[in-house]
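Chemist: I have a structure I would like to understand better, so I am pasting it below and will then ask my questions one at a time.
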Amino acid sequence: MTKYDQVYGYEKDGAEIYRRSFATIRAEADLTGLPDGVGRVAVRMIHACGMVDLVEDLAYSPGVAESAREALRAGAPVLCDVRMVASGITRSRLPAGNEVLCALADPAVPGLADRLGTTRSAAALELWRDRLDGAVVAVGNAPTALFRLLEMVRDGAARPAAVIGVPVGFVGAAESKDALAANPYGLEYLVVRGRRGGSAMAAAAVNALASERE
Ligand SMILES: C/C1=C2N=C(/C=C3N=C(/C(C)=C4\N[C@@](C)([C@@H]5N=C1[C@](C)(CCC(=O)O)[C@H]5CC(=O)O)[C@@](C)(CC(=O)O)[C@@H]4CCC(=O)O)[C@@](C)(CC(=O)O)[C@@H]\3CCC(=O)O)C(C)(C)[C@@H]/2CCC(=O)O
């Protein structure tokens with residue numbers, strides 16, 4: 001035993017850390033009223049951010065969890081706004097070896113952003129066009145990407161099976177999520193209203209949807 005074990009006595013068993021975390025979340029978060037599939041997503045999102053009151057800001061379409069799960073089981077790709085989201089998705093949880101794509105680093109993107117007069121995050125969605133149909137979209141960072149997705153669908157682009165829309169921040173984040181929640185295109189969605197969100201939360205939501213195991 002090292003000196004540090006004696007002084008701090010902290011938990012080192014990863015499985016036990018997870019078990020206790022999830023038990024704490026289920027004890028402290030008010031999950032009543034959430035459909036089972038959404039409840040499991042909420043638990044994992046709370047696990048990623050440590051805020052049990054996140055549930056108060058959740059909004060979703062009733063079919064979002066089932067639609068995302070079905071799409072993933074059928075092999076749909078997961079389209080992510082930033083690499084941080086893509087990196088956080090646990091590949092072994094994905095049911096069909098699903099592709100996880102983020103186009104942000106594509107060499108074409110800076111030029112596209114200049115030409116379109118927008119951020120790189122939004123411009124990168126141009127490279128999603130032939131993968132959008134039935135995909136699971138996860139936006140954890142960039143409000144402009146979420147707005148752009150809505151514009152593309154409005155203008156006739158193929159529709160994804162589900163959109164996890166949890167961009168974080170102070171400029172456009174709340175508004176982009178409100179727009180997704182009010183979308184008239186029949187998009188299945190899950191959002192955290194307001195400023196809270198982030199890449200870790202988006203990845204956690206996909207991880208929850210990807211596998212039944214906690
Ligand atoms: C305005 C932007 C915001 N970024 C935030 C927070 C974080 N961003 C990180 C990193 C490393 C990246 N952010 C970019 C996506 C970059 N961030 C923006 C943009 C300027 C515009 C996005 C938008 O408004 O829709 C965006 C650049 C762009 O042209 O699209 C990133 C691409 C910048 C870069 O490094 O090139 C990069 C993404 C890298 C990747 O994963 O692929 C942070 C880690 C920055 C930090 O704290 O150091 C952090 C991560 C937060 C998270 O959980 O994802 C905000 C706060 C979201 C902000 C948008 C809203 C606002 O209110 O300002």
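Naming works like this for the structure tokens: A, B, ... for the chains as they're shown, residue 1 at the start of each chain, ligands 1 onward in shown order.
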Name the residues, by chain letter and number, that sit within 7 Å of ligand 1 using only C-alpha atoms and all ligand atoms, and give them as a ChimeraX atom specification.
Modeler: /A:82-85,104,119-122,140-145,167-173,197-200
Chemist: Among range 28-210 of chain A, which ones does DSSP place in strand (DSSP E or B), written as a list of chain:residue names?
Modeler: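 Secondary structure check on range 28-210 of chain A, strand (DSSP E or B): A:Leu58, A:Ala59, A:Tyr60, A:Val78, A:Leu79, A:Cys80, A:Val100, A:Leu101, A:Val136, A:Val137, A:Ala138, A:Val139, A:Ala162, A:Val163, A:Ile164, A:Gly165, A:Tyr189, A:Leu190, A:Val191, A:Val192.
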Chemist: Emit the selected residues as a PDB file, in the first residue's frame, including N, CA, C and O atoms.
Modeler:
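Result saved to selection17.pdb:
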ATOM      1  N   LEU A  58     -34.496  19.407 -19.823  1.00  0.00           N
ATOM      2  CA  LEU A  58     -34.602  18.458 -20.953  1.00  0.00           C
ATOM      3  C   LEU A  58     -35.906  18.670 -21.717  1.00  0.00           C
ATOM      4  O   LEU A  58     -36.959  18.845 -21.119  1.00  0.00           O
ATOM      5  N   ALA A  59     -35.805  18.654 -23.032  1.00  0.00           N
ATOM      6  CA  ALA A  59     -37.008  18.616 -23.872  1.00  0.00           C
ATOM      7  C   ALA A  59     -36.740  17.606 -24.979  1.00  0.00           C
ATOM      8  O   ALA A  59     -35.598  17.482 -25.444  1.00  0.00           O
ATOM      9  N   TYR A  60     -37.785  16.897 -25.380  1.00  0.00           N
ATOM     10  CA  TYR A  60     -37.576  15.803 -26.344  1.00  0.00           C
ATOM     11  C   TYR A  60     -38.887  15.496 -27.048  1.00  0.00           C
ATOM     12  O   TYR A  60     -39.960  15.802 -26.541  1.00  0.00           O
ATOM     13  N   VAL A  78     -23.218   7.999 -37.058  1.00  0.00           N
ATOM     14  CA  VAL A  78     -23.403   9.071 -36.074  1.00  0.00           C
ATOM     15  C   VAL A  78     -22.622  10.273 -36.592  1.00  0.00           C
ATOM     16  O   VAL A  78     -21.406  10.194 -36.801  1.00  0.00           O
ATOM     17  N   LEU A  79     -23.323  11.377 -36.836  1.00  0.00           N
ATOM     18  CA  LEU A  79     -22.695  12.581 -37.389  1.00  0.00           C
ATOM     19  C   LEU A  79     -22.503  13.594 -36.263  1.00  0.00           C
ATOM     20  O   LEU A  79     -23.476  13.993 -35.609  1.00  0.00           O
ATOM     21  N   CYS A  80     -21.251  14.010 -36.045  1.00  0.00           N
ATOM     22  CA  CYS A  80     -20.928  14.855 -34.892  1.00  0.00           C
ATOM     23  C   CYS A  80     -20.427  16.214 -35.358  1.00  0.00           C
ATOM     24  O   CYS A  80     -19.682  16.303 -36.334  1.00  0.00           O
ATOM     25  N   VAL A 100     -18.666   6.747 -37.037  1.00  0.00           N
ATOM     26  CA  VAL A 100     -18.801   8.004 -36.283  1.00  0.00           C
ATOM     27  C   VAL A 100     -18.031   9.051 -37.077  1.00  0.00           C
ATOM     28  O   VAL A 100     -16.821   8.924 -37.270  1.00  0.00           O
ATOM     29  N   LEU A 101     -18.743  10.056 -37.585  1.00  0.00           N
ATOM     30  CA  LEU A 101     -18.122  10.991 -38.524  1.00  0.00           C
ATOM     31  C   LEU A 101     -18.148  12.418 -38.001  1.00  0.00           C
ATOM     32  O   LEU A 101     -19.150  12.876 -37.461  1.00  0.00           O
ATOM     33  N   VAL A 136     -27.958   9.446 -37.061  1.00  0.00           N
ATOM     34  CA  VAL A 136     -28.117  10.036 -35.726  1.00  0.00           C
ATOM     35  C   VAL A 136     -27.149  11.205 -35.660  1.00  0.00           C
ATOM     36  O   VAL A 136     -25.945  11.028 -35.863  1.00  0.00           O
ATOM     37  N   VAL A 137     -27.689  12.405 -35.417  1.00  0.00           N
ATOM     38  CA  VAL A 137     -26.851  13.607 -35.366  1.00  0.00           C
ATOM     39  C   VAL A 137     -26.617  13.989 -33.904  1.00  0.00           C
ATOM     40  O   VAL A 137     -27.557  13.987 -33.098  1.00  0.00           O
ATOM     41  N   ALA A 138     -25.364  14.316 -33.580  1.00  0.00           N
ATOM     42  CA  ALA A 138     -25.030  14.733 -32.210  1.00  0.00           C
ATOM     43  C   ALA A 138     -24.279  16.059 -32.265  1.00  0.00           C
ATOM     44  O   ALA A 138     -23.142  16.119 -32.737  1.00  0.00           O
ATOM     45  N   VAL A 139     -24.942  17.127 -31.799  1.00  0.00           N
ATOM     46  CA  VAL A 139     -24.326  18.455 -31.765  1.00  0.00           C
ATOM     47  C   VAL A 139     -24.098  18.829 -30.302  1.00  0.00           C
ATOM     48  O   VAL A 139     -25.054  18.993 -29.534  1.00  0.00           O
ATOM     49  N   ALA A 162     -32.695  11.009 -35.776  1.00  0.00           N
ATOM     50  CA  ALA A 162     -32.782  11.671 -34.467  1.00  0.00           C
ATOM     51  C   ALA A 162     -31.674  12.701 -34.364  1.00  0.00           C
ATOM     52  O   ALA A 162     -30.592  12.515 -34.934  1.00  0.00           O
ATOM     53  N   VAL A 163     -31.964  13.783 -33.632  1.00  0.00           N
ATOM     54  CA  VAL A 163     -30.962  14.834 -33.435  1.00  0.00           C
ATOM     55  C   VAL A 163     -30.793  15.069 -31.933  1.00  0.00           C
ATOM     56  O   VAL A 163     -31.752  15.451 -31.246  1.00  0.00           O
ATOM     57  N   ILE A 164     -29.587  14.813 -31.444  1.00  0.00           N
ATOM     58  CA  ILE A 164     -29.236  15.177 -30.072  1.00  0.00           C
ATOM     59  C   ILE A 164     -28.639  16.573 -30.173  1.00  0.00           C
ATOM     60  O   ILE A 164     -27.540  16.750 -30.712  1.00  0.00           O
ATOM     61  N   GLY A 165     -29.370  17.569 -29.687  1.00  0.00           N
ATOM     62  CA  GLY A 165     -28.941  18.956 -29.853  1.00  0.00           C
ATOM     63  C   GLY A 165     -28.621  19.562 -28.500  1.00  0.00           C
ATOM     64  O   GLY A 165     -29.524  20.033 -27.803  1.00  0.00           O
ATOM     65  N   TYR A 189     -36.036  14.748 -31.662  1.00  0.00           N
ATOM     66  CA  TYR A 189     -34.970  15.540 -31.037  1.00  0.00           C
ATOM     67  C   TYR A 189     -34.894  15.328 -29.537  1.00  0.00           C
ATOM     68  O   TYR A 189     -35.875  14.928 -28.903  1.00  0.00           O
ATOM     69  N   LEU A 190     -33.729  15.637 -29.013  1.00  0.00           N
ATOM     70  CA  LEU A 190     -33.541  15.771 -27.564  1.00  0.00           C
ATOM     71  C   LEU A 190     -32.627  16.967 -27.355  1.00  0.00           C
ATOM     72  O   LEU A 190     -31.579  17.072 -28.008  1.00  0.00           O
ATOM     73  N   VAL A 191     -33.057  17.898 -26.499  1.00  0.00           N
ATOM     74  CA  VAL A 191     -32.257  19.097 -26.221  1.00  0.00           C
ATOM     75  C   VAL A 191     -32.182  19.330 -24.717  1.00  0.00           C
ATOM     76  O   VAL A 191     -33.008  18.831 -23.961  1.00  0.00           O
ATOM     77  N   VAL A 192     -31.182  20.115 -24.322  1.00  0.00           N
ATOM     78  CA  VAL A 192     -31.138  20.681 -22.968  1.00  0.00           C
ATOM     79  C   VAL A 192     -31.352  22.173 -23.166  1.00  0.00           C
ATOM     80  O   VAL A 192     -30.504  22.854 -23.749  1.00  0.00           O
TER      81      VAL A 192
END
Chemist: Applying 9 Å and only C-alpha atoms, which residues near Phe22 in chain A remain after dropping the ones on its own chain fewer than 2 positions away? List them as a list of chain:residue names.
Modeler: A:Ile17, A:Tyr18, A:Arg19, A:Arg20, A:Thr24, A:Ile25, A:Arg26, A:Ala27, A:Val43, A:Arg44, A:His47, A:Glu214
Chemist: Would you write out those residues with all heavy atoms, as a CSV table (one decimal), in the first residue's frame?
Modeler:
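Saved result, out06.csv, follows:
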chain,number,residue,atom,x,y,z
A,17,ILE,N,-16.9,2.6,-9.1
A,17,ILE,CA,-17.1,4.0,-9.2
A,17,ILE,C,-18.4,4.3,-10.1
A,17,ILE,O,-19.2,5.1,-9.7
A,17,ILE,CB,-15.9,4.7,-9.8
A,17,ILE,CG1,-14.7,4.6,-8.9
A,17,ILE,CG2,-16.2,6.1,-10.2
A,17,ILE,CD1,-13.3,5.0,-9.5
A,18,TYR,N,-18.5,3.6,-11.2
A,18,TYR,CA,-19.6,3.7,-12.1
A,18,TYR,C,-20.9,3.4,-11.3
A,18,TYR,O,-21.9,4.1,-11.4
A,18,TYR,CB,-19.5,2.9,-13.3
A,18,TYR,CG,-19.0,3.6,-14.5
A,18,TYR,CD1,-17.7,4.3,-14.5
A,18,TYR,CD2,-19.7,3.7,-15.7
A,18,TYR,CE1,-17.2,5.0,-15.5
A,18,TYR,CE2,-19.2,4.4,-16.8
A,18,TYR,CZ,-18.0,5.0,-16.7
A,18,TYR,OH,-17.5,5.7,-17.8
A,19,ARG,N,-20.9,2.2,-10.6
A,19,ARG,CA,-22.1,1.7,-9.9
A,19,ARG,C,-22.6,2.8,-8.9
A,19,ARG,O,-23.8,3.2,-8.9
A,19,ARG,CB,-21.8,0.4,-9.2
A,19,ARG,CG,-23.0,-0.3,-8.8
A,19,ARG,CD,-22.7,-1.4,-7.7
A,19,ARG,NE,-22.1,-0.9,-6.5
A,19,ARG,CZ,-22.8,-0.1,-5.6
A,19,ARG,NH1,-24.1,0.1,-5.8
A,19,ARG,NH2,-22.2,0.3,-4.5
A,20,ARG,N,-21.7,3.3,-8.2
A,20,ARG,CA,-22.1,4.3,-7.1
A,20,ARG,C,-22.5,5.6,-7.8
A,20,ARG,O,-23.5,6.2,-7.3
A,20,ARG,CB,-20.9,4.6,-6.2
A,20,ARG,CG,-20.9,3.6,-5.0
A,20,ARG,CD,-19.7,3.6,-4.2
A,20,ARG,NE,-19.2,4.9,-3.8
A,20,ARG,CZ,-18.0,5.0,-3.2
A,20,ARG,NH1,-17.2,3.9,-3.0
A,20,ARG,NH2,-17.5,6.2,-2.9
A,24,THR,N,-26.2,7.2,-7.3
A,24,THR,CA,-26.4,8.5,-6.7
A,24,THR,C,-27.3,9.3,-7.6
A,24,THR,O,-28.2,10.0,-7.2
A,24,THR,CB,-25.0,9.2,-6.6
A,24,THR,OG1,-24.1,8.4,-5.8
A,24,THR,CG2,-25.1,10.6,-5.9
A,25,ILE,N,-27.0,9.2,-8.9
A,25,ILE,CA,-27.9,10.0,-9.9
A,25,ILE,C,-29.3,9.6,-9.8
A,25,ILE,O,-30.2,10.4,-9.6
A,25,ILE,CB,-27.3,9.8,-11.3
A,25,ILE,CG1,-26.0,10.5,-11.5
A,25,ILE,CG2,-28.3,10.4,-12.3
A,25,ILE,CD1,-25.2,10.0,-12.7
A,26,ARG,N,-29.6,8.3,-9.7
A,26,ARG,CA,-30.9,7.8,-9.6
A,26,ARG,C,-31.6,8.2,-8.3
A,26,ARG,O,-32.8,8.4,-8.3
A,26,ARG,CB,-31.0,6.3,-9.9
A,26,ARG,CG,-30.7,5.9,-11.3
A,26,ARG,CD,-31.1,4.5,-11.7
A,26,ARG,NE,-30.8,4.2,-13.1
A,26,ARG,CZ,-31.6,4.6,-14.1
A,26,ARG,NH1,-32.8,5.1,-13.8
A,26,ARG,NH2,-31.3,4.3,-15.4
A,27,ALA,N,-30.8,8.3,-7.3
A,27,ALA,CA,-31.3,8.7,-6.0
A,27,ALA,C,-31.6,10.3,-5.9
A,27,ALA,O,-32.6,10.7,-5.3
A,27,ALA,CB,-30.4,8.4,-4.8
A,43,VAL,N,-29.8,10.1,-17.4
A,43,VAL,CA,-28.8,9.6,-16.3
A,43,VAL,C,-27.4,9.7,-16.8
A,43,VAL,O,-26.5,10.2,-16.2
A,43,VAL,CB,-29.2,8.1,-15.9
A,43,VAL,CG1,-28.0,7.5,-15.1
A,43,VAL,CG2,-30.5,8.1,-15.2
A,44,ARG,N,-27.2,9.3,-18.1
A,44,ARG,CA,-25.8,9.3,-18.6
A,44,ARG,C,-25.3,10.7,-18.9
A,44,ARG,O,-24.2,11.1,-18.7
A,44,ARG,CB,-25.7,8.4,-19.8
A,44,ARG,CG,-24.4,7.7,-19.8
A,44,ARG,CD,-24.3,6.6,-20.8
A,44,ARG,NE,-22.8,6.3,-20.8
A,44,ARG,CZ,-22.3,5.3,-20.2
A,44,ARG,NH1,-23.0,4.5,-19.4
A,44,ARG,NH2,-21.0,5.1,-20.2
A,47,HIS,N,-24.4,12.1,-15.6
A,47,HIS,CA,-23.1,11.5,-15.2
A,47,HIS,C,-21.9,12.3,-15.9
A,47,HIS,O,-20.9,12.4,-15.3
A,47,HIS,CB,-23.1,10.0,-15.7
A,47,HIS,CG,-22.0,9.2,-15.4
A,47,HIS,ND1,-21.1,8.7,-16.3
A,47,HIS,CD2,-21.5,8.8,-14.2
A,47,HIS,CE1,-20.2,8.0,-15.7
A,47,HIS,NE2,-20.4,8.0,-14.4
A,214,GLU,N,-25.8,0.0,-18.6
A,214,GLU,CA,-25.5,1.3,-18.1
A,214,GLU,C,-24.0,1.6,-18.1
A,214,GLU,O,-23.5,2.6,-18.5
A,214,GLU,CB,-26.1,1.4,-16.6
A,214,GLU,CG,-26.5,2.8,-16.2
A,214,GLU,CD,-27.5,2.9,-15.2
A,214,GLU,OE1,-27.2,2.4,-14.0
A,214,GLU,OE2,-28.6,3.4,-15.4
Chemist: Can you list, as a list in words, every residue of range 167-196 of chain A that DSSP puts in alpha helix (DSSP H)?
Modeler: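 Taking range 167-196 of chain A and keeping alpha helix (DSSP H) gives Ala173, Ala174, Glu175, Ser176, Lys177, Asp178, Ala179, Leu180 and Ala181 of chain A.
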Chemist: Just N, CA and C atoms for this one: save the residues we selected as an mmCIF file, in the first residue's frame.
Modeler:
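selection.cif, written as the output of this step:
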data_model
loop_
_atom_site.group_PDB
_atom_site.id
_atom_site.type_symbol
_atom_site.label_atom_id
_atom_site.label_comp_id
_atom_site.auth_asym_id
_atom_site.auth_seq_id
_atom_site.Cartn_x
_atom_site.Cartn_y
_atom_site.Cartn_z
ATOM 1 N N ALA A 173 -26.772 29.376 -28.399
ATOM 2 C CA ALA A 173 -26.978 27.996 -27.926
ATOM 3 C C ALA A 173 -28.451 27.765 -27.564
ATOM 4 N N ALA A 174 -28.966 28.599 -26.663
ATOM 5 C CA ALA A 174 -30.372 28.415 -26.242
ATOM 6 C C ALA A 174 -31.311 28.539 -27.440
ATOM 7 N N GLU A 175 -31.021 29.519 -28.298
ATOM 8 C CA GLU A 175 -31.920 29.776 -29.431
ATOM 9 C C GLU A 175 -31.922 28.607 -30.422
ATOM 10 N N SER A 176 -30.736 28.043 -30.655
ATOM 11 C CA SER A 176 -30.669 26.935 -31.626
ATOM 12 C C SER A 176 -31.424 25.718 -31.092
ATOM 13 N N LYS A 177 -31.363 25.513 -29.779
ATOM 14 C CA LYS A 177 -32.058 24.363 -29.200
ATOM 15 C C LYS A 177 -33.567 24.601 -29.180
ATOM 16 N N ASP A 178 -33.966 25.845 -28.912
ATOM 17 C CA ASP A 178 -35.404 26.152 -28.993
ATOM 18 C C ASP A 178 -35.910 25.911 -30.419
ATOM 19 N N ALA A 179 -35.087 26.294 -31.397
ATOM 20 C CA ALA A 179 -35.500 26.112 -32.801
ATOM 21 C C ALA A 179 -35.629 24.629 -33.140
ATOM 22 N N LEU A 180 -34.715 23.814 -32.635
ATOM 23 C CA LEU A 180 -34.824 22.374 -32.894
ATOM 24 C C LEU A 180 -36.093 21.820 -32.245
ATOM 25 N N ALA A 181 -36.340 22.229 -31.000
ATOM 26 C CA ALA A 181 -37.501 21.698 -30.286
ATOM 27 C C ALA A 181 -38.810 22.128 -30.964
#
Chemist: May I have the residues within 12 Å of Arg69 in chain A as an MDAnalysis selection string, using only C-alpha atoms and disregarding those fewer than 5 positions away in the same chain?
Modeler: chainID A and resid 37:38 41 63:64 74:78 93:96 98 134:136 161:163 188 205:212
Chemist: Excluding Asp133 in chain A and any residue of its chain fewer than 2 positions from it, enumerate the residues within 9 Å of it, using only C-alpha atoms, and give them as a PDB file with N, CA, C and O atoms, in the first residue's frame.
Modeler:
ATOM      1  N   ALA A  76     -26.935   2.943 -38.904  1.00  0.00           N
ATOM      2  CA  ALA A  76     -26.830   4.366 -39.274  1.00  0.00           C
ATOM      3  C   ALA A  76     -25.532   4.977 -38.740  1.00  0.00           C
ATOM      4  O   ALA A  76     -25.067   4.600 -37.666  1.00  0.00           O
ATOM      5  N   ARG A 129     -24.099  15.826 -46.399  1.00  0.00           N
ATOM      6  CA  ARG A 129     -25.341  15.730 -47.173  1.00  0.00           C
ATOM      7  C   ARG A 129     -25.706  14.298 -47.590  1.00  0.00           C
ATOM      8  O   ARG A 129     -26.841  13.885 -47.444  1.00  0.00           O
ATOM      9  N   ASP A 130     -24.720  13.538 -48.080  1.00  0.00           N
ATOM     10  CA  ASP A 130     -25.081  12.199 -48.559  1.00  0.00           C
ATOM     11  C   ASP A 130     -25.118  11.168 -47.430  1.00  0.00           C
ATOM     12  O   ASP A 130     -25.334   9.990 -47.678  1.00  0.00           O
ATOM     13  N   ARG A 131     -24.924  11.598 -46.183  1.00  0.00           N
ATOM     14  CA  ARG A 131     -25.001  10.660 -45.049  1.00  0.00           C
ATOM     15  C   ARG A 131     -26.156  10.979 -44.106  1.00  0.00           C
ATOM     16  O   ARG A 131     -26.351  10.296 -43.109  1.00  0.00           O
ATOM     17  N   ALA A 135     -29.609   9.177 -40.320  1.00  0.00           N
ATOM     18  CA  ALA A 135     -28.455   9.190 -39.407  1.00  0.00           C
ATOM     19  C   ALA A 135     -28.871   9.642 -38.008  1.00  0.00           C
ATOM     20  O   ALA A 135     -29.972  10.144 -37.794  1.00  0.00           O
ATOM     21  N   ALA A 157     -32.943  18.881 -47.612  1.00  0.00           N
ATOM     22  CA  ALA A 157     -31.955  17.823 -47.353  1.00  0.00           C
ATOM     23  C   ALA A 157     -32.647  16.628 -46.697  1.00  0.00           C
ATOM     24  O   ALA A 157     -33.717  16.779 -46.084  1.00  0.00           O
ATOM     25  N   ALA A 158     -32.024  15.461 -46.805  1.00  0.00           N
ATOM     26  CA  ALA A 158     -32.580  14.255 -46.181  1.00  0.00           C
ATOM     27  C   ALA A 158     -32.643  14.454 -44.672  1.00  0.00           C
ATOM     28  O   ALA A 158     -31.849  15.211 -44.104  1.00  0.00           O
ATOM     29  N   ARG A 159     -33.592  13.739 -44.051  1.00  0.00           N
ATOM     30  CA  ARG A 159     -33.791  13.937 -42.612  1.00  0.00           C
ATOM     31  C   ARG A 159     -33.084  12.865 -41.797  1.00  0.00           C
ATOM     32  O   ARG A 159     -33.200  11.674 -42.094  1.00  0.00           O
ATOM     33  N   PRO A 160     -32.388  13.275 -40.754  1.00  0.00           N
ATOM     34  CA  PRO A 160     -31.804  12.282 -39.849  1.00  0.00           C
ATOM     35  C   PRO A 160     -32.893  11.597 -39.022  1.00  0.00           C
ATOM     36  O   PRO A 160     -34.005  12.122 -38.886  1.00  0.00           O
ATOM     37  N   ALA A 161     -32.559  10.433 -38.446  1.00  0.00           N
ATOM     38  CA  ALA A 161     -33.529   9.691 -37.626  1.00  0.00           C
ATOM     39  C   ALA A 161     -33.729  10.359 -36.278  1.00  0.00           C
ATOM     40  O   ALA A 161     -34.807  10.264 -35.681  1.00  0.00           O
TER      41      ALA A 161
END
Chemist: Which one is closest to Gly194 in chain A: A:Val166, A:Val109, A:Ala48, A:Ala103? Count only C-alpha atoms.
Modeler: A:Val166
